[in-house]
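One structure is given here, and the rest of the page talks about it.
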There are 2 protein chains.
Amino acid sequence: MKTLTINECAEQLKNADNILILMHRSPDGDAVGSGYALAYALRSIGKTAQPVCSDNIPPKYSYITNGLDVQEFEPEYIVTVDLADTQLFGDKLIQYKDKVDLCIDHHPSNTGYAKYGIVDGSAGACAQIVKKVISAMDIPIDKNIANAVFTAISTDTGCFKYSNADAESYQMAAEMVTCGADSFFINRLMFDTKSRSRLELERLALNSLKYYNDEQIAVIFITKEMLERSGADDNDTEGISGIPRQIEGVKIGITIREKEENNFRISVRSAGDIDVSAICTQFGGGGHKAAAGCTIITDTLSDAERQITNAAGAVL
Amino acid sequence: MKTLTINECAEQLKNADNILILMHRSPDGDAVGSGYALAYALRSIGKTAQPVCSDNIPPKYSYITNGLDVQEFEPEYIVTVDLADTQLFGDKLIQYKDKVDLCIDHHPSNTGYAKYGIVDGSAGACAQIVKKVISAMDIPIDKNIANAVFTAISTDTGCFKYSNADAESYQMAAEMVTCGADSFFINRLMFDTKSRSRLELERLALNSLKYYNDEQIAVIFITKEMLERSGADDNDTEGISGIPRQIEGVKIGITIREKEENNFRISVRSAGDIDVSAICTQFGGGGHKAAAGCTIITDTLSDAERQITNAAGAVL
């Protein structure tokens with residue numbers, strides 16, 4: 001993949017038409033925001049452009065997607081946004097895996113599957129790069145683009161709480177608010193709304209909370225029975241593993257999730273300097289220093305609990 | 001109170017010395033951030049200046065307060081920050097209630113108790129005004145000032161989630177990050193850390209969750225027994241009343257807190273367009289459209305529940 005500058009990306013897009021914009025499967029706020037921001041921008045200068053995804057876009061993003069009618073055309077130029085690897089194209093888009101003209105991404109792990117690309121690992125959200133390309137095309141930021149870019153930045157930085165929220169993230173958020181982004185509506189929808197089944201799962205998980213090692217380790221459980229009782233699905237489990245680590249004084253937060261018979265998925269989170277990936281590699285897993293995971297195969301939940309809390313206790 | 005411009009405030013402060021900066025009792029992030037930002041700034045140009053408060057400053061703000069040693073002096077010029085009313089001075093500071101030279105505030109309800117003042121109700125945090133005054137004095141923003149101002153903006157906007165987070169809030173946050181504010185550390189400490197007793201109170205409150213009117217009304221309870229069992233204090237109850245309103249589909253979220261015998265404090269939150277202050281005024285309470293409260297005097301918790309859910313159901 002040949003690396004381009006922001007201006008070179010802008011130049012390529014200005015010279016192209018009938019542009020298909022690919023988003024990754026299981027699309028999140030940055031995928032949807034990046035894809036739609038670029039589509040709105042390209043259409044505003046008369047291009048035919050359509051964002052596409054193998055999976056349905058979750059209805060909570062409808063305030064972004066509703067303003068764009070579907071254009072059907074024979075694609076002449078193919079762009080990917082926030083798409084690190086062709087494995088994330090999904091069934092419907094895998095046909096394009098060797099045909100991507102331009103890749104705009106912020107994952108350092110990007111596999112370089114496109115002809116041309118820009119990969120900036122320092123960008124909090126991929127949409128921050130997309131926005132720079134849009135501005136390099138001299139396209140004004142309208143309300144639709146502003147909502148899309150703001151959503152991407154806010155969701156990918158966990159409402160500005162993650163370490164990837166840098167000065168540019170705040171700066172660009174300010175610009176998007178000035179250009180009409182409904183920041184209050186968006187942040188409330190994304191971060192202050194829970195499904196009833198999610199809240200019920202949280203309640204059951206909190207009821208299972210246990211402490212180890214002078215309350216420096218906190219453990220919660222998500223059993224198959226809890227999932228059934230709460231009616232929770234995979235979307236509802238997102239973020240649950242962050243709960244035990246939030247507790248003041250807890251250094252290691254552990255979530256044990258019963259996946260199949262004898263199969264327990266373990267998430268480990270560090271609240272401080274402890275490297276929890278070292279705990280997980282002992283069980284064949286891995287991850288980052290502050291967030292890692294592994295699978296333990298054993299007969300009972302309580303044995304999985306014993307194994308992981310012993311390993312965690314040993315590093316304290 | 002004579003209204004001053006930002007530049008006139010800056011001029012007054014440049015001509016003053018031995019400056020006492022008053023913060024309101026029960027100090028929050030905006031009070032502490034505004035008071036300390038101004039003190040750091042004034043000391044950096046050689047002034048003697050000290051922020052003071054009737055109550056102890058919560059230890060979680062020590063990263064702001066630690067950098068400033070205590071100066072004792074006979075005050076010649078008295079400033080208040082984020083202080084709407086002399087009733088909020090508290091016991092130790094009430095002696096200054098008729099002696100305030102300059103008031104910097106963002107509460108439209110400010111009672112105008114000072115000789116001079118600037119009250120800008122459009123500012124998300126009082127520290128946004130303080131920062132402008134500091135810049136008008138041509139004082140560079142160092143890391144201490146940046147941490148103080150960032151904390152004030154982030155906490156007063158609920159980590160950029162409340163409707164008062166505007167373009168200026170994001171813009172100033174970007175500037176503070178560029179000037180060295182530890183935004184990740186601050187947001188994590190303020191928004192991603194819970195005391196064990198708070199989490200236990202949340203667990204008990206979630207266990208009490210009930211729905212009314214086709215799940216459009218959700219109610220949680222905080223009884224004296226729950227407070228005792230969890231060991232939670234008043235700090236730990238902050239934000240609990242936001243929980244029922246978070247639930248998807250819920251239009252009115254109600255929290256019923258047992259205060260004293262036969263005395264129940266009711267918080268009502270609206271997730272949409274319903275004006276919940278109209279519900280609370282029926283019981284002699286009041287508040288805003290989206291957040292209101294009242295007290296119901298009755299024999300039993302269940303009667304308080306019956307009264308408030310009936311009143312809420314009637315407006316759906």
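Scheme for the structure tokens: letters A, B, ... for chains in order shown; per-chain residue numbers from 1; ligand numbers from 1 in order shown.
Any residue of chain A with an atom no more than 6 Å from chain B counts as a contact; using only C-alpha atoms, that gives Lys161, Ser163, Ala167, Tyr170, Gln171, Ala174, Val177, Thr178, Phe184, Asn187, Asp192, Thr193, Lys194, Ser195, Arg196, Arg203, Leu206, Gln246, Ile247 and Glu248 of chain A.
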message: Residues within 10 Å of Lys99 of chain B, please, as a list in words. Count only C-alpha atoms; anything in the same chain fewer than 2 positions from it doesn't count.
response: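 Surrounding residues, per the criterion: Glu76, Tyr77, Ile78, Val79, Ile94, Gln95, Tyr96, Lys97, Asp101, Leu102, Tyr113, Ala114 and Lys115 of chain B.
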Using N, CA, C and O atoms, can you export the residues from the last selection as a PDB file, in the first residue's frame?
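out.pdb written:
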ATOM      1  N   GLU B  76      -6.527  42.167  51.495  1.00  0.00           N
ATOM      2  CA  GLU B  76      -6.801  43.536  51.042  1.00  0.00           C
ATOM      3  C   GLU B  76      -7.842  43.574  49.930  1.00  0.00           C
ATOM      4  O   GLU B  76      -8.409  44.621  49.632  1.00  0.00           O
ATOM      5  N   TYR B  77      -8.015  42.427  49.263  1.00  0.00           N
ATOM      6  CA  TYR B  77      -8.926  42.386  48.111  1.00  0.00           C
ATOM      7  C   TYR B  77      -9.575  41.004  48.123  1.00  0.00           C
ATOM      8  O   TYR B  77      -8.890  39.981  48.223  1.00  0.00           O
ATOM      9  N   ILE B  78     -10.907  40.987  48.048  1.00  0.00           N
ATOM     10  CA  ILE B  78     -11.624  39.711  48.189  1.00  0.00           C
ATOM     11  C   ILE B  78     -12.404  39.392  46.916  1.00  0.00           C
ATOM     12  O   ILE B  78     -13.192  40.194  46.427  1.00  0.00           O
ATOM     13  N   VAL B  79     -12.140  38.190  46.375  1.00  0.00           N
ATOM     14  CA  VAL B  79     -12.787  37.715  45.145  1.00  0.00           C
ATOM     15  C   VAL B  79     -13.610  36.471  45.479  1.00  0.00           C
ATOM     16  O   VAL B  79     -13.180  35.643  46.295  1.00  0.00           O
ATOM     17  N   ILE B  94     -18.444  33.569  56.239  1.00  0.00           N
ATOM     18  CA  ILE B  94     -19.591  34.475  56.265  1.00  0.00           C
ATOM     19  C   ILE B  94     -19.179  35.881  56.719  1.00  0.00           C
ATOM     20  O   ILE B  94     -19.801  36.877  56.343  1.00  0.00           O
ATOM     21  N   GLN B  95     -18.067  35.996  57.485  1.00  0.00           N
ATOM     22  CA  GLN B  95     -17.526  37.301  57.909  1.00  0.00           C
ATOM     23  C   GLN B  95     -17.227  38.231  56.725  1.00  0.00           C
ATOM     24  O   GLN B  95     -17.147  39.444  56.886  1.00  0.00           O
ATOM     25  N   TYR B  96     -17.046  37.644  55.523  1.00  0.00           N
ATOM     26  CA  TYR B  96     -16.677  38.465  54.355  1.00  0.00           C
ATOM     27  C   TYR B  96     -17.879  38.872  53.510  1.00  0.00           C
ATOM     28  O   TYR B  96     -17.720  39.469  52.441  1.00  0.00           O
ATOM     29  N   LYS B  97     -19.095  38.548  53.970  1.00  0.00           N
ATOM     30  CA  LYS B  97     -20.246  38.662  53.059  1.00  0.00           C
ATOM     31  C   LYS B  97     -20.491  40.086  52.546  1.00  0.00           C
ATOM     32  O   LYS B  97     -20.985  40.265  51.436  1.00  0.00           O
ATOM     33  N   ASP B 101     -14.959  42.342  46.919  1.00  0.00           N
ATOM     34  CA  ASP B 101     -14.632  43.330  45.895  1.00  0.00           C
ATOM     35  C   ASP B 101     -15.053  42.877  44.504  1.00  0.00           C
ATOM     36  O   ASP B 101     -15.557  43.663  43.715  1.00  0.00           O
ATOM     37  N   LEU B 102     -14.808  41.582  44.209  1.00  0.00           N
ATOM     38  CA  LEU B 102     -15.037  41.101  42.836  1.00  0.00           C
ATOM     39  C   LEU B 102     -15.687  39.718  42.873  1.00  0.00           C
ATOM     40  O   LEU B 102     -15.217  38.821  43.579  1.00  0.00           O
ATOM     41  N   TYR B 113     -24.043  40.379  45.393  1.00  0.00           N
ATOM     42  CA  TYR B 113     -23.624  40.790  46.745  1.00  0.00           C
ATOM     43  C   TYR B 113     -22.277  41.526  46.753  1.00  0.00           C
ATOM     44  O   TYR B 113     -21.874  42.042  47.789  1.00  0.00           O
ATOM     45  N   ALA B 114     -21.578  41.587  45.604  1.00  0.00           N
ATOM     46  CA  ALA B 114     -20.222  42.154  45.570  1.00  0.00           C
ATOM     47  C   ALA B 114     -20.231  43.602  45.074  1.00  0.00           C
ATOM     48  O   ALA B 114     -21.235  44.087  44.568  1.00  0.00           O
ATOM     49  N   LYS B 115     -19.083  44.295  45.244  1.00  0.00           N
ATOM     50  CA  LYS B 115     -18.966  45.649  44.689  1.00  0.00           C
ATOM     51  C   LYS B 115     -18.958  45.601  43.161  1.00  0.00           C
ATOM     52  O   LYS B 115     -19.676  46.320  42.493  1.00  0.00           O
TER      53      LYS B 115
END
If you take only C-alpha atoms and a cut-off of 12 Å, which residues of segment 37-111 of chain B touch segment 30-33 of chain B, and what are their nearest atom pairs and distances in Å to one decimal, in chain and number order, as JSON lines?
{"residue": "B:Ala37", "atom": "CA", "partner": "B:Gly33", "partner_atom": "CA", "distance": 5.8}
{"residue": "B:Leu38", "atom": "CA", "partner": "B:Gly33", "partner_atom": "CA", "distance": 8.5}
{"residue": "B:Ala39", "atom": "CA", "partner": "B:Gly33", "partner_atom": "CA", "distance": 9.9}
{"residue": "B:Tyr40", "atom": "CA", "partner": "B:Gly33", "partner_atom": "CA", "distance": 10.4}
{"residue": "B:Ala41", "atom": "CA", "partner": "B:Gly33", "partner_atom": "CA", "distance": 11.9}
{"residue": "B:Gln50", "atom": "CA", "partner": "B:Val32", "partner_atom": "CA", "distance": 11.9}
{"residue": "B:Pro51", "atom": "CA", "partner": "B:Val32", "partner_atom": "CA", "distance": 8.4}
{"residue": "B:Val52", "atom": "CA", "partner": "B:Val32", "partner_atom": "CA", "distance": 9.4}
{"residue": "B:Cys53", "atom": "CA", "partner": "B:Val32", "partner_atom": "CA", "distance": 9.0}
{"residue": "B:Asp55", "atom": "CA", "partner": "B:Val32", "partner_atom": "CA", "distance": 11.4}
{"residue": "B:Asn56", "atom": "CA", "partner": "B:Val32", "partner_atom": "CA", "distance": 10.8}
{"residue": "B:Ile57", "atom": "CA", "partner": "B:Val32", "partner_atom": "CA", "distance": 7.7}
{"residue": "B:Pro58", "atom": "CA", "partner": "B:Val32", "partner_atom": "CA", "distance": 9.5}
{"residue": "B:Pro59", "atom": "CA", "partner": "B:Val32", "partner_atom": "CA", "distance": 11.3}
{"residue": "B:Lys60", "atom": "CA", "partner": "B:Val32", "partner_atom": "CA", "distance": 11.0}
{"residue": "B:Tyr61", "atom": "CA", "partner": "B:Val32", "partner_atom": "CA", "distance": 7.7}
{"residue": "B:Ser62", "atom": "CA", "partner": "B:Val32", "partner_atom": "CA", "distance": 10.1}
{"residue": "B:Tyr63", "atom": "CA", "partner": "B:Gly33", "partner_atom": "CA", "distance": 10.8}
{"residue": "B:Ile64", "atom": "CA", "partner": "B:Gly33", "partner_atom": "CA", "distance": 7.4}
{"residue": "B:Thr65", "atom": "CA", "partner": "B:Val32", "partner_atom": "CA", "distance": 8.3}
{"residue": "B:Thr80", "atom": "CA", "partner": "B:Ala31", "partner_atom": "CA", "distance": 9.5}
{"residue": "B:Val81", "atom": "CA", "partner": "B:Ala31", "partner_atom": "CA", "distance": 6.6}
{"residue": "B:Asp82", "atom": "CA", "partner": "B:Ala31", "partner_atom": "CA", "distance": 5.7}
{"residue": "B:Leu83", "atom": "CA", "partner": "B:Ala31", "partner_atom": "CA", "distance": 8.0}
{"residue": "B:Ala84", "atom": "CA", "partner": "B:Ala31", "partner_atom": "CA", "distance": 11.2}
{"residue": "B:Leu88", "atom": "CA", "partner": "B:Ala31", "partner_atom": "CA", "distance": 11.5}
{"residue": "B:Phe89", "atom": "CA", "partner": "B:Ala31", "partner_atom": "CA", "distance": 11.8}
{"residue": "B:Ile104", "atom": "CA", "partner": "B:Ala31", "partner_atom": "CA", "distance": 10.9}
{"residue": "B:Asp105", "atom": "CA", "partner": "B:Ala31", "partner_atom": "CA", "distance": 9.9}
{"residue": "B:His106", "atom": "CA", "partner": "B:Asp30", "partner_atom": "CA", "distance": 10.4}
{"residue": "B:His107", "atom": "CA", "partner": "B:Asp30", "partner_atom": "CA", "distance": 11.9}
Residues from the last selection, C-alpha atoms, saved as a PDB file, in the first residue's frame:
ATOM      1  CA  ALA B  37      -6.612  28.381  38.774  1.00  0.00           C
ATOM      2  CA  LEU B  38      -6.926  32.034  39.790  1.00  0.00           C
ATOM      3  CA  ALA B  39      -4.573  31.589  42.771  1.00  0.00           C
ATOM      4  CA  TYR B  40      -1.887  29.838  40.678  1.00  0.00           C
ATOM      5  CA  ALA B  41      -2.170  32.566  38.048  1.00  0.00           C
ATOM      6  CA  GLN B  50      -5.003  32.215  48.712  1.00  0.00           C
ATOM      7  CA  PRO B  51      -8.163  30.230  47.871  1.00  0.00           C
ATOM      8  CA  VAL B  52     -10.282  29.485  50.954  1.00  0.00           C
ATOM      9  CA  CYS B  53     -13.402  27.449  51.722  1.00  0.00           C
ATOM     10  CA  ASP B  55     -15.492  23.134  54.201  1.00  0.00           C
ATOM     11  CA  ASN B  56     -12.536  20.843  53.658  1.00  0.00           C
ATOM     12  CA  ILE B  57     -11.710  20.271  50.023  1.00  0.00           C
ATOM     13  CA  PRO B  58     -12.367  16.603  49.127  1.00  0.00           C
ATOM     14  CA  PRO B  59      -9.062  14.692  48.888  1.00  0.00           C
ATOM     15  CA  LYS B  60      -9.790  13.610  45.310  1.00  0.00           C
ATOM     16  CA  TYR B  61      -8.843  17.152  44.248  1.00  0.00           C
ATOM     17  CA  SER B  62      -5.369  16.913  45.860  1.00  0.00           C
ATOM     18  CA  TYR B  63      -3.647  16.925  42.433  1.00  0.00           C
ATOM     19  CA  ILE B  64      -4.989  20.495  42.109  1.00  0.00           C
ATOM     20  CA  THR B  65      -4.410  21.706  45.672  1.00  0.00           C
ATOM     21  CA  THR B  80     -15.495  35.047  44.950  1.00  0.00           C
ATOM     22  CA  VAL B  81     -15.671  32.377  42.249  1.00  0.00           C
ATOM     23  CA  ASP B  82     -18.691  30.227  41.307  1.00  0.00           C
ATOM     24  CA  LEU B  83     -20.497  31.697  44.315  1.00  0.00           C
ATOM     25  CA  ALA B  84     -24.101  32.665  43.576  1.00  0.00           C
ATOM     26  CA  LEU B  88     -23.184  29.508  50.266  1.00  0.00           C
ATOM     27  CA  PHE B  89     -20.213  31.177  52.027  1.00  0.00           C
ATOM     28  CA  ILE B 104     -16.774  35.931  39.045  1.00  0.00           C
ATOM     29  CA  ASP B 105     -19.721  33.599  38.469  1.00  0.00           C
ATOM     30  CA  HIS B 106     -21.821  31.744  35.905  1.00  0.00           C
ATOM     31  CA  HIS B 107     -25.080  31.386  37.884  1.00  0.00           C
TER      32      HIS B 107
END
field: Picked from segment 57-286 of chain B by DSSP as helix (DSSP H, G or I), as a ChimeraX atom specification
entry: /B:59-65,86-88,94-96,126-136,143-156,167-178,183-191,196-207,224-230,234-237,240-246,277-281
Please, could you write that set of residues out with C-alpha atoms as an mmCIF file, in the first residue's frame?
data_model
loop_
_atom_site.group_PDB
_atom_site.id
_atom_site.type_symbol
_atom_site.label_atom_id
_atom_site.label_comp_id
_atom_site.auth_asym_id
_atom_site.auth_seq_id
_atom_site.Cartn_x
_atom_site.Cartn_y
_atom_site.Cartn_z
ATOM 1 C CA PRO B 59 -9.062 14.692 48.888
ATOM 2 C CA LYS B 60 -9.790 13.610 45.310
ATOM 3 C CA TYR B 61 -8.843 17.152 44.248
ATOM 4 C CA SER B 62 -5.369 16.913 45.860
ATOM 5 C CA TYR B 63 -3.647 16.925 42.433
ATOM 6 C CA ILE B 64 -4.989 20.495 42.109
ATOM 7 C CA THR B 65 -4.410 21.706 45.672
ATOM 8 C CA THR B 86 -23.789 34.676 50.425
ATOM 9 C CA GLN B 87 -25.782 31.760 51.887
ATOM 10 C CA LEU B 88 -23.184 29.508 50.266
ATOM 11 C CA ILE B 94 -19.591 34.475 56.265
ATOM 12 C CA GLN B 95 -17.526 37.301 57.909
ATOM 13 C CA TYR B 96 -16.677 38.465 54.355
ATOM 14 C CA CYS B 126 -17.252 29.373 36.066
ATOM 15 C CA ALA B 127 -13.645 28.430 35.331
ATOM 16 C CA GLN B 128 -14.237 29.306 31.666
ATOM 17 C CA ILE B 129 -14.693 32.942 32.765
ATOM 18 C CA VAL B 130 -11.757 32.714 35.187
ATOM 19 C CA LYS B 131 -9.560 31.430 32.350
ATOM 20 C CA LYS B 132 -10.513 34.386 30.172
ATOM 21 C CA VAL B 133 -9.633 36.781 32.999
ATOM 22 C CA ILE B 134 -6.260 35.017 33.445
ATOM 23 C CA SER B 135 -5.539 35.305 29.724
ATOM 24 C CA ALA B 136 -6.610 38.962 29.776
ATOM 25 C CA LYS B 143 0.180 22.785 33.993
ATOM 26 C CA ASN B 144 -1.337 23.672 37.399
ATOM 27 C CA ILE B 145 -3.748 26.190 35.901
ATOM 28 C CA ALA B 146 -4.543 23.778 33.046
ATOM 29 C CA ASN B 147 -5.392 20.920 35.435
ATOM 30 C CA ALA B 148 -7.592 23.217 37.543
ATOM 31 C CA VAL B 149 -9.512 24.690 34.592
ATOM 32 C CA PHE B 150 -9.872 21.315 32.833
ATOM 33 C CA THR B 151 -11.249 19.720 36.026
ATOM 34 C CA ALA B 152 -13.787 22.523 36.420
ATOM 35 C CA ILE B 153 -15.046 22.253 32.842
ATOM 36 C CA SER B 154 -15.154 18.462 32.803
ATOM 37 C CA THR B 155 -16.925 18.088 36.160
ATOM 38 C CA ASP B 156 -19.449 20.894 35.606
ATOM 39 C CA ALA B 167 -18.237 24.741 21.700
ATOM 40 C CA GLU B 168 -16.299 26.937 24.132
ATOM 41 C CA SER B 169 -16.146 24.112 26.697
ATOM 42 C CA TYR B 170 -14.595 21.743 24.139
ATOM 43 C CA GLN B 171 -12.365 24.494 22.743
ATOM 44 C CA MET B 172 -11.036 25.433 26.176
ATOM 45 C CA ALA B 173 -10.587 21.755 27.100
ATOM 46 C CA ALA B 174 -8.444 21.366 23.958
ATOM 47 C CA GLU B 175 -6.362 24.376 24.992
ATOM 48 C CA MET B 176 -5.917 23.032 28.552
ATOM 49 C CA VAL B 177 -4.799 19.621 27.213
ATOM 50 C CA THR B 178 -2.274 21.407 24.990
ATOM 51 C CA SER B 183 -7.188 14.962 31.015
ATOM 52 C CA PHE B 184 -7.145 11.153 31.031
ATOM 53 C CA PHE B 185 -6.166 10.930 34.701
ATOM 54 C CA ILE B 186 -8.723 13.578 35.680
ATOM 55 C CA ASN B 187 -11.689 12.118 33.779
ATOM 56 C CA ARG B 188 -10.920 8.636 35.042
ATOM 57 C CA LEU B 189 -10.675 9.817 38.648
ATOM 58 C CA MET B 190 -13.851 11.910 38.440
ATOM 59 C CA PHE B 191 -16.051 9.660 36.307
ATOM 60 C CA ARG B 196 -17.257 0.423 47.485
ATOM 61 C CA SER B 197 -20.195 1.752 49.502
ATOM 62 C CA ARG B 198 -21.492 3.667 46.466
ATOM 63 C CA LEU B 199 -21.425 0.520 44.347
ATOM 64 C CA GLU B 200 -23.169 -1.397 47.130
ATOM 65 C CA LEU B 201 -25.858 1.305 47.343
ATOM 66 C CA GLU B 202 -26.295 1.101 43.564
ATOM 67 C CA ARG B 203 -26.691 -2.662 43.835
ATOM 68 C CA LEU B 204 -29.377 -2.336 46.518
ATOM 69 C CA ALA B 205 -31.130 0.444 44.611
ATOM 70 C CA LEU B 206 -31.149 -1.645 41.408
ATOM 71 C CA ASN B 207 -32.631 -4.549 43.355
ATOM 72 C CA LYS B 224 -32.367 4.265 55.576
ATOM 73 C CA GLU B 225 -31.681 0.551 55.883
ATOM 74 C CA MET B 226 -29.920 0.551 52.469
ATOM 75 C CA LEU B 227 -27.748 3.495 53.530
ATOM 76 C CA GLU B 228 -26.818 1.698 56.742
ATOM 77 C CA ARG B 229 -26.166 -1.631 55.028
ATOM 78 C CA SER B 230 -23.998 -0.083 52.314
ATOM 79 C CA ASP B 234 -24.314 11.789 51.153
ATOM 80 C CA ASN B 235 -21.410 11.896 48.658
ATOM 81 C CA ASP B 236 -22.285 8.359 47.609
ATOM 82 C CA THR B 237 -25.886 9.169 46.702
ATOM 83 C CA ILE B 240 -28.133 7.726 41.824
ATOM 84 C CA SER B 241 -31.346 9.499 40.838
ATOM 85 C CA GLY B 242 -30.146 9.501 37.214
ATOM 86 C CA ILE B 243 -30.322 5.696 37.027
ATOM 87 C CA PRO B 244 -34.033 5.016 36.347
ATOM 88 C CA ARG B 245 -34.177 7.650 33.611
ATOM 89 C CA GLN B 246 -31.298 5.960 31.731
ATOM 90 C CA SER B 277 -41.378 20.068 37.542
ATOM 91 C CA ALA B 278 -45.167 20.202 37.006
ATOM 92 C CA ILE B 279 -45.433 16.852 38.814
ATOM 93 C CA CYS B 280 -43.336 18.061 41.747
ATOM 94 C CA THR B 281 -45.125 21.383 42.209
#
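Note that atom CA of Arg269 of chain A and atom CA of Val219 of chain A are 10.4 Å apart.
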query: Near segment 43-46 of chain B, within 9 Å and counting only C-alpha atoms, which residues show up once chain neighbours fewer than 5 positions away are dropped, as a ChimeraX atom specification?
result: /B:14,38,139-140
Straight-line distance linking atom CA of Ile222 of chain B with atom CA of Ala312 of chain B, stated in Å to one decimal: 18.9 Å
task: Identify all residues of segment 136-315 of chain A in strand (DSSP E) (DSSP on the backbone) and supply them as a VMD selection string.
output: chain A and resid 210 to 212 217 to 222 252 to 260 263 to 270 286 to 287 291 to 297
query: Which distance in Å separates atom CA of Asp120 of chain A and atom CA of His288 of chain A, to one decimal?
result: 19.7 Å
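Among A:Leu42, A:Leu93, A:Ala10, A:Cys294, the residue with the shortest atom-to-atom distance to Ile141 of chain A, counting only C-alpha atoms, is A:Leu42.
Residue neighbourhood of Arg257 of chain B, excluding near-sequence residues (fewer than 6 positions): Phe221, Ile222, Thr223, Phe264, Arg265 and Ile266 of chain B, at 7 Å, using only C-alpha atoms.
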Residues from the last selection, N, CA and C atoms, saved as a CSV table (one decimal), in the first residue's frame:
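As written to disk, again-v4.csv reads:
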chain,number,residue,atom,x,y,z
B,221,PHE,N,-35.6,3.0,45.0
B,221,PHE,CA,-35.8,3.4,46.4
B,221,PHE,C,-34.4,3.4,47.1
B,222,ILE,N,-34.3,4.4,47.9
B,222,ILE,CA,-33.1,4.5,48.8
B,222,ILE,C,-33.6,4.6,50.2
B,223,THR,N,-33.6,3.5,51.0
B,223,THR,CA,-34.1,3.5,52.3
B,223,THR,C,-33.0,3.7,53.3
B,264,PHE,N,-40.3,11.6,52.9
B,264,PHE,CA,-39.7,11.0,51.8
B,264,PHE,C,-39.3,12.0,50.7
B,265,ARG,N,-38.0,12.0,50.4
B,265,ARG,CA,-37.5,13.0,49.4
B,265,ARG,C,-37.7,12.3,48.0
B,266,ILE,N,-38.3,13.0,47.1
B,266,ILE,CA,-38.6,12.5,45.8
B,266,ILE,C,-37.8,13.2,44.7
message: Need to verify the contact set: Asp303 of chain B, 12 Å, only C-alpha atoms, exclusion of same-chain residues closer than 5 positions in sequence. Can you return it as a ChimeraX atom specification?
response: /B:256,262-264,296-298,308-310
Writing out the chosen residues with N, CA, C and O atoms as an mmCIF file, in the first residue's frame:
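Ended up saving to part-v9.cif:
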data_model
loop_
_atom_site.group_PDB
_atom_site.id
_atom_site.type_symbol
_atom_site.label_atom_id
_atom_site.label_comp_id
_atom_site.auth_asym_id
_atom_site.auth_seq_id
_atom_site.Cartn_x
_atom_site.Cartn_y
_atom_site.Cartn_z
ATOM 1 N N ILE B 256 -37.087 7.527 45.207
ATOM 2 C CA ILE B 256 -37.734 7.844 46.488
ATOM 3 C C ILE B 256 -36.740 7.555 47.602
ATOM 4 O O ILE B 256 -36.298 6.424 47.766
ATOM 5 N N ASN B 262 -41.548 9.235 58.247
ATOM 6 C CA ASN B 262 -42.681 9.825 57.536
ATOM 7 C C ASN B 262 -42.290 10.901 56.521
ATOM 8 O O ASN B 262 -43.134 11.673 56.083
ATOM 9 N N ASN B 263 -40.993 10.984 56.191
ATOM 10 C CA ASN B 263 -40.523 12.052 55.315
ATOM 11 C C ASN B 263 -39.756 11.428 54.149
ATOM 12 O O ASN B 263 -38.710 10.804 54.341
ATOM 13 N N PHE B 264 -40.301 11.601 52.943
ATOM 14 C CA PHE B 264 -39.695 10.969 51.775
ATOM 15 C C PHE B 264 -39.307 12.019 50.742
ATOM 16 O O PHE B 264 -40.138 12.828 50.335
ATOM 17 N N ILE B 296 -42.584 14.251 50.189
ATOM 18 C CA ILE B 296 -43.919 13.760 50.532
ATOM 19 C C ILE B 296 -43.887 13.294 51.989
ATOM 20 O O ILE B 296 -43.025 12.503 52.372
ATOM 21 N N ILE B 297 -44.805 13.845 52.765
ATOM 22 C CA ILE B 297 -44.919 13.455 54.175
ATOM 23 C C ILE B 297 -46.058 12.451 54.288
ATOM 24 O O ILE B 297 -47.216 12.791 53.996
ATOM 25 N N THR B 298 -45.735 11.236 54.655
ATOM 26 C CA THR B 298 -46.776 10.215 54.795
ATOM 27 C C THR B 298 -46.244 9.081 55.674
ATOM 28 O O THR B 298 -45.060 9.034 55.982
ATOM 29 N N ILE B 308 -46.720 9.447 44.209
ATOM 30 C CA ILE B 308 -45.898 10.049 43.152
ATOM 31 C C ILE B 308 -46.087 9.322 41.815
ATOM 32 O O ILE B 308 -46.109 9.957 40.756
ATOM 33 N N THR B 309 -46.264 8.002 41.848
ATOM 34 C CA THR B 309 -46.454 7.296 40.565
ATOM 35 C C THR B 309 -47.824 7.619 39.973
ATOM 36 O O THR B 309 -47.967 7.687 38.754
ATOM 37 N N ASN B 310 -48.827 7.833 40.834
ATOM 38 C CA ASN B 310 -50.133 8.268 40.315
ATOM 39 C C ASN B 310 -50.019 9.629 39.628
ATOM 40 O O ASN B 310 -50.538 9.833 38.533
#
